[in-house]
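Please read the structure below before turning to the comments.
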Amino acid sequence: MQYDYDLVASVDAEVFDRYRVPDDVLARHYTVSDRDDVRKIERLLDAQEGSLDAGGPYYLKAGQCACCGRSLTMYDFVFTALVDANHPKSFVYQILVGDKKIIQSPRRVRCATCGTPSSQKAQYFMGQYACEDNT
Ligand SMILES: [Zn+2]
């Protein structure tokens, strides 16, 4: 993916809907970012408090960190995007709350607490950003 938001491909709302994860699956298998987690993501991205609420709720299916046991969330996903993929903060921020509907492949997530990368790629679902593998 390009780091320039202008070059990021967007899909129509109808297409994006096909990648929507059913509520019962989200509830059973995904970890949703609570209010504190979203505030942490905002601080990580140098964004105003509350400004990421528009793009939520933020769901990640990465289970627990194999090393420290903490449930991985979108905070770890964003941390990984900055640290491993070297994405600019402003780019990640715009992905989350910009006007484009984006479909991407599953991603590996690094635990922000202990630094351990997940062994399996994680699925995710949020307002403007969905995973192509939504099974
Ligand atoms: Zn960990």
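Scheme for the structure tokens: letters A, B, ... for chains in order shown; per-chain residue numbers from 1; ligand numbers from 1 in order shown.
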
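Looking only at range 63-114 of chain A, the set that DSSP places in helix (DSSP H, G or I) from backbone geometry is Met74, Tyr75, Asp76, Phe77, Val78, Phe79, Thr80, Ala81, Leu82, Val83, Lys89, Ser90, Phe91, Val92, Tyr93, Gln94, Ile95, Leu96 and Val97 of chain A.
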
For the residues selected in the previous step, produce a file with C-alpha atoms as a PDB file, in the first residue's frame.
```pdb
ATOM      1  CA  MET A  74      -6.275  -2.034  17.501  1.00  0.00           C
ATOM      2  CA  TYR A  75      -3.722  -0.181  19.614  1.00  0.00           C
ATOM      3  CA  ASP A  76      -1.237  -2.973  18.862  1.00  0.00           C
ATOM      4  CA  PHE A  77      -2.328  -2.977  15.207  1.00  0.00           C
ATOM      5  CA  VAL A  78      -1.625   0.763  14.898  1.00  0.00           C
ATOM      6  CA  PHE A  79       1.630   0.411  16.867  1.00  0.00           C
ATOM      7  CA  THR A  80       2.711  -2.287  14.375  1.00  0.00           C
ATOM      8  CA  ALA A  81       1.799  -0.078  11.410  1.00  0.00           C
ATOM      9  CA  LEU A  82       4.072   2.667  12.759  1.00  0.00           C
ATOM     10  CA  VAL A  83       6.974   0.535  13.998  1.00  0.00           C
ATOM     11  CA  LYS A  89       1.090   8.765  11.802  1.00  0.00           C
ATOM     12  CA  SER A  90      -0.951  11.120   9.631  1.00  0.00           C
ATOM     13  CA  PHE A  91      -1.426   8.371   7.046  1.00  0.00           C
ATOM     14  CA  VAL A  92      -2.707   5.855   9.599  1.00  0.00           C
ATOM     15  CA  TYR A  93      -4.966   8.503  11.122  1.00  0.00           C
ATOM     16  CA  GLN A  94      -6.513   9.311   7.770  1.00  0.00           C
ATOM     17  CA  ILE A  95      -7.039   5.613   7.000  1.00  0.00           C
ATOM     18  CA  LEU A  96      -9.063   5.297  10.217  1.00  0.00           C
ATOM     19  CA  VAL A  97     -11.228   8.418   9.923  1.00  0.00           C
TER      20      VAL A  97
END
```

Could you list, as an NGL selection string, all the residues within 9 Å of ligand 1, counting only C-alpha atoms and all ligand atoms?
:A and (64-72 or 110-118)

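From CA of Ser105 in chain A back to CA of Leu44 in chain A, the distance works out to 23.1 Å.
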
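In terms of minimum interatomic distance to Tyr5 in chain A, A:Gly98 ranks closest within A:Gln120, A:Gly98, A:Asp133, A:Gln104, counting only C-alpha atoms.
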
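Distances here use only C-alpha atoms; by that measure, the residue among A:Ser10, A:Ser119, A:Thr135, A:Ser33 closest to Thr73 in chain A is A:Ser33.
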
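Taking only chain A, the residues that DSSP calls strand (DSSP E or B) from the backbone come to Thr31, Val32, Tyr59, Leu60, Lys61, Gln64, Ser71, Ile102, Ile103, Gln104, Arg107, Arg110, Pro117, Ala122, Gln123, Tyr124, Phe125, Tyr129, Ala130 and Cys131 of chain A.
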
Store the residues of this selection in a file with C-alpha atoms, as a PDB file, in the first residue's frame.
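Now in result_32.pdb:
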```
ATOM      1  CA  THR A  31     -11.538  -7.736  20.756  1.00  0.00           C
ATOM      2  CA  VAL A  32     -13.137  -4.301  20.584  1.00  0.00           C
ATOM      3  CA  TYR A  59     -12.371  -4.633  16.182  1.00  0.00           C
ATOM      4  CA  LEU A  60      -9.304  -6.847  15.991  1.00  0.00           C
ATOM      5  CA  LYS A  61      -9.157 -10.642  15.924  1.00  0.00           C
ATOM      6  CA  GLN A  64      -3.774 -12.945  23.201  1.00  0.00           C
ATOM      7  CA  SER A  71      -5.431  -9.329  24.574  1.00  0.00           C
ATOM      8  CA  ILE A 102     -10.734   0.380   2.332  1.00  0.00           C
ATOM      9  CA  ILE A 103     -10.289  -3.404   2.055  1.00  0.00           C
ATOM     10  CA  GLN A 104      -6.923  -4.916   2.981  1.00  0.00           C
ATOM     11  CA  ARG A 107      -1.883  -8.360   8.981  1.00  0.00           C
ATOM     12  CA  ARG A 110       3.194  -6.927  17.235  1.00  0.00           C
ATOM     13  CA  PRO A 117       4.906 -10.451  16.898  1.00  0.00           C
ATOM     14  CA  ALA A 122      -4.941 -10.863  12.328  1.00  0.00           C
ATOM     15  CA  GLN A 123      -8.336  -9.931  10.903  1.00  0.00           C
ATOM     16  CA  TYR A 124      -9.975  -6.620  11.695  1.00  0.00           C
ATOM     17  CA  PHE A 125     -13.119  -4.622  11.124  1.00  0.00           C
ATOM     18  CA  TYR A 129     -11.285  -0.340   7.075  1.00  0.00           C
ATOM     19  CA  ALA A 130     -12.141  -4.007   6.634  1.00  0.00           C
ATOM     20  CA  CYS A 131     -10.279  -7.255   6.078  1.00  0.00           C
TER      21      CYS A 131
END
```

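Closest to Leu26 in chain A among A:Gly50, A:Tyr58, A:Pro88, A:Leu7 is A:Tyr58, based on only C-alpha atoms.
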
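For the choices A:Arg20, A:Arg28, A:Arg39, A:His87, the atom-to-atom distance to Asp4 in chain A is smallest for A:His87 when using only C-alpha atoms.
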
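The closest residue to Val21 in chain A, picked from A:Ala54, A:Ala62, A:Leu45, A:Met126 and counting only C-alpha atoms, is A:Met126.
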
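Between Lys100 in chain A and the residues A:Lys121, A:Gly55, A:Ala9, A:Val38, the shortest atom-to-atom distance, using only C-alpha atoms, involves A:Ala9.
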
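Separating CA of Tyr19 in chain A from CA of Asp99 in chain A is a distance of 17.0 Å.
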